[in-house]
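Listing of data-v3.cif; format and content: mmCIF, C-alpha atoms.
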```cif
data_query
#
loop_
_atom_site.label_atom_id
_atom_site.label_comp_id
_atom_site.auth_asym_id
_atom_site.auth_seq_id
_atom_site.Cartn_x
_atom_site.Cartn_y
_atom_site.Cartn_z
CA MET G 379 92.23 99.82 134.07
CA LYS G 380 92.01 97.50 131.13
CA GLN G 381 93.60 100.19 128.97
CA PHE G 382 96.40 100.56 131.49
CA LYS G 383 97.10 96.83 131.51
CA LYS G 384 97.87 96.94 127.81
CA TYR G 385 100.56 99.53 128.48
CA ILE G 386 102.40 97.49 131.12
CA PHE G 387 104.88 95.93 128.70
CA PRO G 388 105.66 99.08 126.72
CA LEU G 389 106.06 100.94 130.03
CA ALA G 390 108.34 98.28 131.49
CA PHE G 391 110.37 98.46 128.30
CA LEU G 392 110.74 102.22 128.52
CA ILE G 393 111.74 102.04 132.19
CA LEU G 394 114.40 99.44 131.40
CA VAL G 395 115.73 101.56 128.56
CA GLY G 396 115.75 104.58 130.87
CA LEU G 397 117.70 102.63 133.47
CA SER G 398 120.17 101.52 130.81
CA TYR G 399 120.93 105.14 130.01
CA LEU G 400 121.26 105.93 133.69
CA PHE G 401 123.76 103.14 134.30
CA ASP G 402 125.49 103.26 130.92
CA PHE G 403 124.33 99.79 129.93
CA ALA G 404 125.40 99.68 126.28
CA ALA G 405 122.98 97.01 125.06
CA GLY G 406 120.01 98.80 126.57
CA GLU G 407 121.11 102.10 125.06
CA LYS G 408 121.39 100.53 121.64
CA ILE G 409 117.93 99.01 121.92
CA GLY G 410 116.54 102.33 123.08
CA LEU G 411 118.09 104.05 120.09
CA ASN G 412 116.52 101.47 117.76
CA PHE G 413 113.14 102.05 119.36
CA TRP G 414 113.38 105.81 119.08
CA MET G 415 114.34 105.62 115.40
CA PHE G 416 111.32 103.47 114.58
CA PHE G 417 109.00 105.42 116.82
CA LYS G 418 109.71 108.92 115.55
CA GLU G 419 109.20 107.80 111.99
CA MET G 420 105.74 106.49 112.73
CA ILE G 421 104.24 108.80 115.26
CA LEU G 422 103.61 111.66 112.83
CA PHE G 423 102.51 109.50 110.02
CA LEU G 424 100.23 106.92 111.62
CA PRO G 425 97.55 109.16 113.16
CA LEU G 426 97.02 110.76 109.75
CA MET G 427 96.61 107.35 108.15
CA PHE G 428 94.08 106.30 110.72
CA ILE G 429 92.15 109.51 110.15
CA LEU G 430 92.06 108.59 106.48
CA ILE G 431 90.68 105.16 107.36
CA GLY G 432 88.06 106.79 109.57
CA LEU G 433 87.04 109.16 106.75
CA PHE G 434 86.86 106.26 104.34
CA ASP G 435 84.61 104.40 106.71
CA VAL G 436 82.27 107.35 107.03
CA TRP G 437 82.06 108.13 103.31
CA VAL G 438 81.90 104.68 101.74
CA PRO G 439 78.67 102.89 102.50
CA ARG G 440 79.68 99.25 102.46
CA GLU G 441 76.13 98.08 103.12
CA ARG G 442 74.85 99.58 99.90
CA ILE G 443 77.28 97.54 97.83
CA GLU G 444 76.57 94.41 99.81
CA LYS G 445 72.95 94.64 98.71
CA HIS G 446 74.02 94.12 95.12
CA ILE G 447 75.37 90.64 95.65
CA GLY G 448 73.22 88.08 94.06
CA LYS G 449 73.45 85.19 91.73
CA GLU G 450 75.23 87.15 89.02
CA SER G 451 77.98 84.94 87.85
CA GLY G 452 80.57 85.85 85.27
CA TRP G 453 82.59 89.01 85.42
CA LYS G 454 79.93 91.22 86.92
CA GLY G 455 79.56 89.05 90.00
CA THR G 456 83.32 88.66 90.23
CA GLY G 457 83.70 92.42 89.97
CA ILE G 458 81.25 93.03 92.80
CA VAL G 459 82.84 90.53 95.19
CA MET G 460 86.27 91.93 94.39
CA LEU G 461 85.11 95.46 95.07
CA LEU G 462 83.62 94.33 98.35
CA ALA G 463 86.75 92.50 99.38
CA THR G 464 88.89 95.60 98.93
CA LEU G 465 86.74 97.49 101.40
CA HIS G 466 87.44 95.14 104.29
CA ALA G 467 90.57 95.65 106.33
CA GLY G 468 90.41 93.10 109.12
CA PRO G 469 92.09 89.71 109.49
CA LEU G 470 91.42 86.70 107.28
CA TYR G 471 89.24 84.87 109.78
CA GLY G 472 86.96 87.90 109.80
CA THR G 473 86.10 87.16 106.19
CA PHE G 474 84.82 83.61 106.73
CA PRO G 475 81.45 84.68 108.13
CA PHE G 476 81.11 86.96 105.16
CA ALA G 477 81.95 84.08 102.82
CA TYR G 478 79.03 82.28 104.39
CA ILE G 479 76.72 85.21 103.67
CA LEU G 480 77.94 85.27 100.05
CA TRP G 481 77.23 81.55 99.78
CA LYS G 482 73.73 82.00 101.23
CA LYS G 483 73.04 84.68 98.67
CA GLY G 484 73.89 82.32 95.85
CA CYS G 485 77.42 83.41 95.09
CA SER G 486 79.43 80.89 93.06
CA ILE G 487 82.27 78.83 94.52
CA ARG G 488 84.76 80.61 92.32
CA ASN G 489 83.63 84.04 93.43
CA ILE G 490 83.77 83.09 97.09
CA PHE G 491 87.42 82.09 96.78
CA ILE G 492 88.18 85.07 94.57
CA TYR G 493 86.66 87.19 97.31
CA LEU G 494 89.09 85.71 99.85
CA GLY G 495 91.99 86.20 97.45
CA THR G 496 91.20 89.78 96.56
CA PHE G 497 90.91 90.51 100.23
CA SER G 498 94.56 89.60 100.58
CA ALA G 499 95.65 91.50 97.49
CA ILE G 500 94.05 94.91 97.94
CA LYS G 501 92.68 96.53 101.01
CA ILE G 502 91.79 100.09 100.21
CA PRO G 503 92.01 101.26 103.83
CA MET G 504 95.50 99.71 104.01
CA ILE G 505 96.88 101.18 100.78
CA THR G 506 98.34 104.22 102.50
CA PHE G 507 100.12 101.94 104.96
CA GLU G 508 101.64 99.81 102.25
CA ILE G 509 102.75 102.75 100.10
CA GLY G 510 104.00 104.69 103.10
CA PHE G 511 106.16 101.91 104.50
CA LEU G 512 107.14 99.91 101.42
CA GLY G 513 106.88 102.39 98.57
CA LEU G 514 104.60 102.91 95.59
CA LYS G 515 106.49 100.62 93.23
CA PHE G 516 106.36 97.66 95.58
CA SER G 517 102.68 98.21 96.39
CA LEU G 518 101.60 98.47 92.76
CA LEU G 519 103.65 95.48 91.67
CA ARG G 520 102.46 93.32 94.54
CA THR G 521 98.82 94.15 93.88
CA LEU G 522 99.07 93.61 90.13
CA ILE G 523 100.81 90.26 90.57
CA THR G 524 98.68 89.03 93.45
CA LEU G 525 95.33 89.60 91.74
CA PRO G 526 95.73 87.20 88.80
CA VAL G 527 97.34 84.57 91.03
CA PHE G 528 94.39 84.53 93.38
CA ILE G 529 91.79 84.70 90.61
CA LEU G 530 93.50 81.59 89.26
CA ILE G 531 93.24 79.96 92.69
CA GLY G 532 89.52 80.78 92.65
CA TYR G 533 89.17 78.95 89.33
CA LEU G 534 91.21 76.01 90.63
CA MET G 535 89.03 75.69 93.72
CA GLU G 536 85.89 75.78 91.55
CA TRP G 537 87.30 73.18 89.20
CA TYR G 538 88.17 70.93 92.10
CA LEU G 539 84.91 71.37 94.02
CA LYS G 540 82.47 71.52 91.10
CA ASN G 541 81.11 68.00 91.32
CA LYS G 542 81.53 67.55 95.03
CA ASP G 543 78.96 68.43 97.66
CA PHE G 544 80.73 71.54 98.77
CA GLU G 545 78.94 73.99 100.97
CA VAL G 546 79.88 76.81 103.27
CA LYS G 547 78.53 76.08 106.72
CA GLN G 548 77.65 78.32 109.55
CA PRO G 549 79.42 77.11 112.67
CA MET Y 656 105.95 109.44 102.43
CA LYS Y 657 105.70 113.21 101.95
CA LEU Y 658 103.36 112.80 98.99
CA LEU Y 659 101.18 110.55 101.08
CA ILE Y 660 100.92 113.14 103.83
CA ILE Y 661 99.95 115.77 101.24
CA PHE Y 662 97.41 113.35 99.76
CA SER Y 663 95.91 112.70 103.19
CA LEU Y 664 95.65 116.40 103.91
CA ILE Y 665 93.94 117.01 100.56
CA CYS Y 666 91.42 114.24 101.31
CA LEU Y 667 90.84 115.75 104.70
CA GLY Y 668 90.27 119.18 103.13
CA ILE Y 669 87.80 117.87 100.56
CA SER Y 670 85.96 115.95 103.21
CA LEU Y 671 85.77 119.06 105.40
CA LEU Y 672 84.34 121.09 102.53
CA ALA Y 673 81.76 118.41 101.81
CA SER Y 674 80.58 117.87 105.32
CA ARG Y 675 81.99 119.11 108.59
CA GLU Y 676 79.94 116.69 110.60
CA LYS Y 677 80.96 113.59 108.69
CA THR Y 678 84.59 114.64 108.73
CA MET Y 679 84.57 115.04 112.49
CA MET Y 680 82.97 111.61 112.78
CA GLY Y 681 85.66 110.11 110.55
CA ILE Y 682 88.51 111.78 112.43
CA LYS Y 683 87.10 110.55 115.72
CA LYS Y 684 86.69 107.04 114.36
CA GLY Y 685 90.24 106.97 113.01
CA LEU Y 686 91.87 108.36 116.12
CA THR Y 687 89.92 105.97 118.36
CA MET Y 688 91.28 103.11 116.27
CA PHE Y 689 94.78 104.53 116.52
CA ILE Y 690 94.64 104.87 120.29
CA ARG Y 691 93.27 101.35 120.63
CA LEU Y 692 96.16 100.00 118.57
CA LEU Y 693 98.87 102.15 120.13
CA PRO Y 694 99.87 99.73 122.93
CA THR Y 695 100.20 96.86 120.43
CA LEU Y 696 102.22 99.09 118.15
CA LEU Y 697 104.54 100.15 120.97
CA LEU Y 698 104.95 96.53 122.00
CA MET Y 699 105.81 95.56 118.42
CA LEU Y 700 108.38 98.37 118.19
CA ALA Y 701 109.90 97.35 121.52
CA LEU Y 702 110.16 93.69 120.50
CA VAL Y 703 111.59 94.58 117.09
CA SER Y 704 114.16 96.88 118.70
CA ILE Y 705 115.29 94.03 120.93
CA VAL Y 706 115.24 91.34 118.23
CA LEU Y 707 117.13 93.50 115.74
CA PHE Y 708 119.70 94.20 118.43
CA LEU Y 709 120.13 90.50 119.23
CA ILE Y 710 120.21 89.35 115.60
CA PRO Y 711 123.12 91.05 113.85
CA ARG Y 712 122.44 92.57 110.47
CA GLU Y 713 124.63 89.97 108.76
CA THR Y 714 122.51 87.12 110.11
CA LEU Y 715 119.28 88.80 109.06
CA THR Y 716 120.52 89.48 105.53
CA LYS Y 717 121.94 85.98 105.32
CA TYR Y 718 118.56 84.41 105.96
CA MET Y 719 116.18 86.98 104.52
CA GLY Y 720 118.30 89.37 102.52
CA GLU Y 721 119.95 89.55 99.12
CA GLY Y 722 121.10 86.11 98.03
CA SER Y 723 119.23 84.25 100.76
CA GLY Y 724 117.35 82.45 97.99
CA ILE Y 725 114.92 79.73 98.94
CA ALA Y 726 115.87 79.94 102.63
CA GLY Y 727 114.56 83.50 102.87
CA TRP Y 728 111.26 82.57 101.30
CA ILE Y 729 110.76 79.58 103.52
CA THR Y 730 111.52 81.67 106.60
CA ALA Y 731 109.11 84.38 105.45
CA ALA Y 732 106.37 81.91 104.49
CA THR Y 733 106.67 80.09 107.81
CA PHE Y 734 106.44 83.26 109.87
CA GLY Y 735 103.67 84.62 107.67
CA SER Y 736 101.58 81.47 107.89
CA ILE Y 737 101.79 81.23 111.65
CA ALA Y 738 101.70 84.85 112.75
CA LEU Y 739 98.47 86.70 113.32
CA ILE Y 740 99.43 90.31 112.79
CA PRO Y 741 96.96 92.94 111.62
CA GLY Y 742 97.99 95.04 108.62
CA TYR Y 743 98.28 98.17 110.73
CA ILE Y 744 101.14 96.52 112.59
CA ALA Y 745 102.51 94.39 109.76
CA TYR Y 746 103.28 97.20 107.33
CA PRO Y 747 105.32 99.30 109.77
CA LEU Y 748 107.13 96.09 110.74
CA CYS Y 749 107.89 95.31 107.09
CA GLY Y 750 109.14 98.86 106.63
CA ILE Y 751 111.66 98.31 109.40
CA LEU Y 752 112.66 94.91 108.01
CA VAL Y 753 113.34 96.35 104.55
CA LYS Y 754 115.54 99.01 106.09
CA SER Y 755 117.38 96.29 107.99
CA GLY Y 756 118.28 94.48 104.79
CA VAL Y 757 115.40 92.11 104.08
CA THR Y 758 114.58 91.96 100.36
CA TYR Y 759 111.29 93.06 98.85
CA GLN Y 760 110.55 89.59 97.50
CA VAL Y 761 110.82 88.09 100.95
CA ILE Y 762 108.53 90.85 102.24
CA ALA Y 763 106.01 90.08 99.47
CA VAL Y 764 105.97 86.40 100.44
CA PHE Y 765 105.59 87.36 104.10
CA ILE Y 766 102.69 89.75 103.49
CA THR Y 767 100.84 87.35 101.19
CA THR Y 768 101.11 84.41 103.56
CA LEU Y 769 100.25 86.64 106.48
CA MET Y 770 96.98 87.57 104.84
CA MET Y 771 96.08 84.39 103.00
CA THR Y 772 97.29 81.44 105.01
CA GLY Y 773 96.57 80.95 108.65
CA PHE Y 774 97.63 77.69 110.23
CA LEU Y 775 96.49 78.82 113.65
CA THR Y 776 93.08 79.83 112.35
CA LEU Y 777 92.67 76.60 110.40
CA PRO Y 778 90.20 75.17 112.96
CA VAL Y 779 88.03 78.27 112.50
CA GLU Y 780 88.24 78.03 108.73
CA ALA Y 781 87.37 74.34 108.82
CA LYS Y 782 84.10 75.15 110.54
CA PHE Y 783 83.05 77.12 107.47
CA PHE Y 784 84.61 75.19 104.58
CA GLY Y 785 85.40 71.78 106.08
CA TRP Y 786 88.91 70.51 106.84
CA LYS Y 787 89.82 69.18 103.43
CA VAL Y 788 88.86 72.31 101.52
CA SER Y 789 90.51 74.56 104.11
CA ILE Y 790 93.77 72.67 103.91
CA ILE Y 791 93.72 72.73 100.11
CA ARG Y 792 92.98 76.45 100.12
CA ASN Y 793 95.86 77.12 102.51
CA ILE Y 794 98.32 75.04 100.50
CA LEU Y 795 97.25 76.71 97.24
CA SER Y 796 97.61 80.12 98.87
CA LEU Y 797 101.06 79.22 100.13
CA ALA Y 798 102.07 78.16 96.63
CA GLY Y 799 100.50 81.37 95.31
CA ALA Y 800 102.58 83.42 97.75
CA LEU Y 801 105.80 81.78 96.56
CA ILE Y 802 104.85 82.40 92.92
CA ILE Y 803 104.15 86.05 93.76
CA GLY Y 804 107.58 86.30 95.39
CA LEU Y 805 109.17 84.73 92.35
CA ILE Y 806 107.52 87.16 89.92
CA MET Y 807 108.30 90.11 92.19
CA GLY Y 808 111.92 89.03 92.00
CA VAL Y 809 111.87 89.42 88.24
CA PHE Y 810 110.71 93.03 88.46
CA LEU Y 811 112.51 94.32 91.54
#
```

Do you think you could lay out the structure here as structure tokens?
Amino acid sequence: MKQFKKYIFPLAFLILVGLSYLFDFAAGEKIGLNFWMFFKEMILFLPLMFILIGLFDVWVPRERIEKHIGKESGWKGTGIVMLLATLHAGPLYGTFPFAYILWKKGCSIRNIFIYLGTFSAIKIPMITFEIGFLGLKFSLLRTLITLPVFILIGYLMEWYLKNKDFEVKQP
Amino acid sequence: MKLLIIFSLICLGISLLASREKTMMGIKKGLTMFIRLLPTLLLMLALVSIVLFLIPRETLTKYMGEGSGIAGWITAATFGSIALIPGYIAYPLCGILVKSGVTYQVIAVFITTLMMTGFLTLPVEAKFFGWKVSIIRNILSLAGALIIGLIMGVFL
């Protein structure tokens, strides 16, 4: 039932488009054509991408890498948090609880914010989506430009917060 | 796109050779995710079909296309900072927008702000980092997104 509820709007949309074709309603026909163009491009491609994400999930043991987070500062610690960040695919607010865990484990301020930044720059499970819909050149460029910008933001945050009583809280 | 499909199939093949069981688990996991997201995806496609019909191509390119300049970035950054769209939905959407005449720089700004700044989730963020730090982080990220768009513009 709950599943069905989620389909109410798409269904209503399809019915309206269907009616438009029946009664020769030009605007509805145009919208229907738009929809079909977008839809047919995705329907073959998307399931395969999701299968890839599923496989990735099964083969890459995120927990094992998480165990390696400790007080290492410098490039090794940064490298580990960056690697971890690329493995997450969810929304930004899903990373805050993890930032708290990093903080608890003794991660530096800089690395916590670099973690958040890397998360936005590269998401390995999302790479196929980005390349598929926006092209390889765009994806590579965006990643290569985003990384240094957000590492810099990590440094800026550390510089700003260094002598203040900053802490990550658990709500 | 074709290369990506071939790549996916190769990965699938290797995975199958390595472990049938794990591969089946992965396929099931992925398809479950896909089916869960399908209604949202259909809704997004329906809304985009309507919006792109209502907004003529000239208007879209004027505000977010070639030569839109600062206006395009501000539009993209505003939408990106407010919207809460998961990547699975955002990338197909961006693909459509590019085909409709939106420039790659504007898309880069949109994606970066979408992932890094969240005005609606600011109250959640503040619970972890405090208000002041959260606001600073969001503003820095917004600035970062614009810089990324600027540099992208040099290369694309």

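Proximity to chain Y at a cut-off of 6 Å picks out Lys384, Tyr385, Pro388, Ile409, Asn412, Phe413, Phe428, Ile429, Ile431, Gly432, Leu433, Val436, Ser498, Glu508, Gly510, Phe511, Leu512, Val546, Lys547, Gln548 and Pro549 of chain G on chain G, counting all atoms listed in the file.
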
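One distance worth recording is that between CA of Ala405 (chain G) and CA of Arg712 (chain Y), which is 15.3 Å.
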
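Using all atoms listed in the file, the nearest neighbour of Thr524 (chain G) within the list Y:Met719, Y:Val809, Y:Gly735, Y:Leu801 is Y:Leu801.
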
Between CA of Pro475 (chain G) and CA of Ile490 (chain G) - distance in Å to one decimal
11.4 Å

Provide the CA of Ile529 (chain G) to CA of Pro439 (chain G) distance in Å, to one decimal place.
25.4 Å

Got a minute to add N, CA and C atoms to region 717-751 of chain Y and dump it as a PDB file, in the coordinates of the input?
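Final file, selection_11.pdb:
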```
ATOM      1  N   LYS Y 717     121.564  87.314 105.801  1.00  0.00           N
ATOM      2  CA  LYS Y 717     121.940  85.980 105.320  1.00  0.00           C
ATOM      3  C   LYS Y 717     120.696  85.125 105.110  1.00  0.00           C
ATOM      4  N   TYR Y 718     119.742  85.254 106.047  1.00  0.00           N
ATOM      5  CA  TYR Y 718     118.560  84.410 105.960  1.00  0.00           C
ATOM      6  C   TYR Y 718     117.404  85.034 105.195  1.00  0.00           C
ATOM      7  N   MET Y 719     117.313  86.352 105.187  1.00  0.00           N
ATOM      8  CA  MET Y 719     116.180  86.980 104.520  1.00  0.00           C
ATOM      9  C   MET Y 719     116.590  88.098 103.572  1.00  0.00           C
ATOM     10  N   GLY Y 720     117.865  88.272 103.362  1.00  0.00           N
ATOM     11  CA  GLY Y 720     118.300  89.370 102.520  1.00  0.00           C
ATOM     12  C   GLY Y 720     118.708  88.932 101.134  1.00  0.00           C
ATOM     13  N   GLU Y 721     119.455  89.810 100.464  1.00  0.00           N
ATOM     14  CA  GLU Y 721     119.950  89.550  99.120  1.00  0.00           C
ATOM     15  C   GLU Y 721     120.714  88.230  99.088  1.00  0.00           C
ATOM     16  N   GLY Y 722     120.349  87.353  98.170  1.00  0.00           N
ATOM     17  CA  GLY Y 722     121.100  86.110  98.030  1.00  0.00           C
ATOM     18  C   GLY Y 722     120.718  85.036  99.031  1.00  0.00           C
ATOM     19  N   SER Y 723     119.649  85.293  99.810  1.00  0.00           N
ATOM     20  CA  SER Y 723     119.230  84.250 100.760  1.00  0.00           C
ATOM     21  C   SER Y 723     118.498  83.135 100.029  1.00  0.00           C
ATOM     22  N   GLY Y 724     117.990  83.460  98.823  1.00  0.00           N
ATOM     23  CA  GLY Y 724     117.350  82.450  97.990  1.00  0.00           C
ATOM     24  C   GLY Y 724     116.159  81.799  98.661  1.00  0.00           C
ATOM     25  N   ILE Y 725     116.069  80.482  98.446  1.00  0.00           N
ATOM     26  CA  ILE Y 725     114.920  79.730  98.940  1.00  0.00           C
ATOM     27  C   ILE Y 725     114.777  79.856 100.466  1.00  0.00           C
ATOM     28  N   ALA Y 726     115.916  79.891 101.169  1.00  0.00           N
ATOM     29  CA  ALA Y 726     115.870  79.940 102.630  1.00  0.00           C
ATOM     30  C   ALA Y 726     115.053  81.148 103.116  1.00  0.00           C
ATOM     31  N   GLY Y 727     115.275  82.287 102.479  1.00  0.00           N
ATOM     32  CA  GLY Y 727     114.560  83.500 102.870  1.00  0.00           C
ATOM     33  C   GLY Y 727     113.066  83.347 102.692  1.00  0.00           C
ATOM     34  N   TRP Y 728     112.684  82.729 101.581  1.00  0.00           N
ATOM     35  CA  TRP Y 728     111.260  82.570 101.300  1.00  0.00           C
ATOM     36  C   TRP Y 728     110.615  81.634 102.291  1.00  0.00           C
ATOM     37  N   ILE Y 729     111.330  80.546 102.588  1.00  0.00           N
ATOM     38  CA  ILE Y 729     110.760  79.580 103.520  1.00  0.00           C
ATOM     39  C   ILE Y 729     110.603  80.211 104.900  1.00  0.00           C
ATOM     40  N   THR Y 730     111.622  80.978 105.309  1.00  0.00           N
ATOM     41  CA  THR Y 730     111.520  81.670 106.600  1.00  0.00           C
ATOM     42  C   THR Y 730     110.313  82.599 106.597  1.00  0.00           C
ATOM     43  N   ALA Y 731     110.198  83.409 105.532  1.00  0.00           N
ATOM     44  CA  ALA Y 731     109.110  84.380 105.450  1.00  0.00           C
ATOM     45  C   ALA Y 731     107.754  83.683 105.427  1.00  0.00           C
ATOM     46  N   ALA Y 732     107.641  82.612 104.628  1.00  0.00           N
ATOM     47  CA  ALA Y 732     106.370  81.910 104.490  1.00  0.00           C
ATOM     48  C   ALA Y 732     105.976  81.258 105.816  1.00  0.00           C
ATOM     49  N   THR Y 733     106.975  80.728 106.530  1.00  0.00           N
ATOM     50  CA  THR Y 733     106.670  80.090 107.810  1.00  0.00           C
ATOM     51  C   THR Y 733     106.148  81.119 108.811  1.00  0.00           C
ATOM     52  N   PHE Y 734     106.890  82.217 108.943  1.00  0.00           N
ATOM     53  CA  PHE Y 734     106.440  83.260 109.870  1.00  0.00           C
ATOM     54  C   PHE Y 734     105.066  83.789 109.455  1.00  0.00           C
ATOM     55  N   GLY Y 735     104.921  84.044 108.168  1.00  0.00           N
ATOM     56  CA  GLY Y 735     103.670  84.620 107.670  1.00  0.00           C
ATOM     57  C   GLY Y 735     102.476  83.711 107.880  1.00  0.00           C
ATOM     58  N   SER Y 736     102.694  82.398 107.759  1.00  0.00           N
ATOM     59  CA  SER Y 736     101.580  81.470 107.890  1.00  0.00           C
ATOM     60  C   SER Y 736     101.154  81.304 109.339  1.00  0.00           C
ATOM     61  N   ILE Y 737     102.106  81.446 110.240  1.00  0.00           N
ATOM     62  CA  ILE Y 737     101.790  81.230 111.650  1.00  0.00           C
ATOM     63  C   ILE Y 737     101.309  82.508 112.325  1.00  0.00           C
ATOM     64  N   ALA Y 738     101.988  83.608 112.026  1.00  0.00           N
ATOM     65  CA  ALA Y 738     101.700  84.850 112.750  1.00  0.00           C
ATOM     66  C   ALA Y 738     100.304  85.372 112.479  1.00  0.00           C
ATOM     67  N   LEU Y 739      99.746  86.009 113.477  1.00  0.00           N
ATOM     68  CA  LEU Y 739      98.470  86.700 113.320  1.00  0.00           C
ATOM     69  C   LEU Y 739      98.718  88.169 113.604  1.00  0.00           C
ATOM     70  N   ILE Y 740      99.123  88.887 112.588  1.00  0.00           N
ATOM     71  CA  ILE Y 740      99.430  90.310 112.790  1.00  0.00           C
ATOM     72  C   ILE Y 740      98.513  91.136 111.904  1.00  0.00           C
ATOM     73  N   PRO Y 741      97.801  92.095 112.473  1.00  0.00           N
ATOM     74  CA  PRO Y 741      96.960  92.940 111.620  1.00  0.00           C
ATOM     75  C   PRO Y 741      97.829  93.839 110.734  1.00  0.00           C
ATOM     76  N   GLY Y 742      97.261  94.231 109.590  1.00  0.00           N
ATOM     77  CA  GLY Y 742      97.990  95.040 108.620  1.00  0.00           C
ATOM     78  C   GLY Y 742      98.572  96.317 109.217  1.00  0.00           C
ATOM     79  N   TYR Y 743      97.823  96.916 110.136  1.00  0.00           N
ATOM     80  CA  TYR Y 743      98.280  98.170 110.730  1.00  0.00           C
ATOM     81  C   TYR Y 743      99.630  97.999 111.421  1.00  0.00           C
ATOM     82  N   ILE Y 744      99.877  96.793 111.914  1.00  0.00           N
ATOM     83  CA  ILE Y 744     101.140  96.520 112.590  1.00  0.00           C
ATOM     84  C   ILE Y 744     102.136  95.929 111.601  1.00  0.00           C
ATOM     85  N   ALA Y 745     101.626  95.104 110.681  1.00  0.00           N
ATOM     86  CA  ALA Y 745     102.510  94.390 109.760  1.00  0.00           C
ATOM     87  C   ALA Y 745     103.269  95.320 108.823  1.00  0.00           C
ATOM     88  N   TYR Y 746     102.591  96.334 108.283  1.00  0.00           N
ATOM     89  CA  TYR Y 746     103.280  97.200 107.330  1.00  0.00           C
ATOM     90  C   TYR Y 746     104.411  98.011 107.958  1.00  0.00           C
ATOM     91  N   PRO Y 747     104.173  98.633 109.122  1.00  0.00           N
ATOM     92  CA  PRO Y 747     105.320  99.300 109.770  1.00  0.00           C
ATOM     93  C   PRO Y 747     106.461  98.315 110.041  1.00  0.00           C
ATOM     94  N   LEU Y 748     106.111  97.102 110.478  1.00  0.00           N
ATOM     95  CA  LEU Y 748     107.130  96.090 110.740  1.00  0.00           C
ATOM     96  C   LEU Y 748     107.933  95.785 109.473  1.00  0.00           C
ATOM     97  N   CYS Y 749     107.206  95.608 108.358  1.00  0.00           N
ATOM     98  CA  CYS Y 749     107.890  95.310 107.090  1.00  0.00           C
ATOM     99  C   CYS Y 749     108.785  96.473 106.674  1.00  0.00           C
ATOM    100  N   GLY Y 750     108.322  97.699 106.946  1.00  0.00           N
ATOM    101  CA  GLY Y 750     109.140  98.860 106.630  1.00  0.00           C
ATOM    102  C   GLY Y 750     110.475  98.798 107.348  1.00  0.00           C
ATOM    103  N   ILE Y 751     110.433  98.427 108.613  1.00  0.00           N
ATOM    104  CA  ILE Y 751     111.660  98.310 109.400  1.00  0.00           C
ATOM    105  C   ILE Y 751     112.538  97.188 108.844  1.00  0.00           C
TER     106      ILE Y 751
END
```
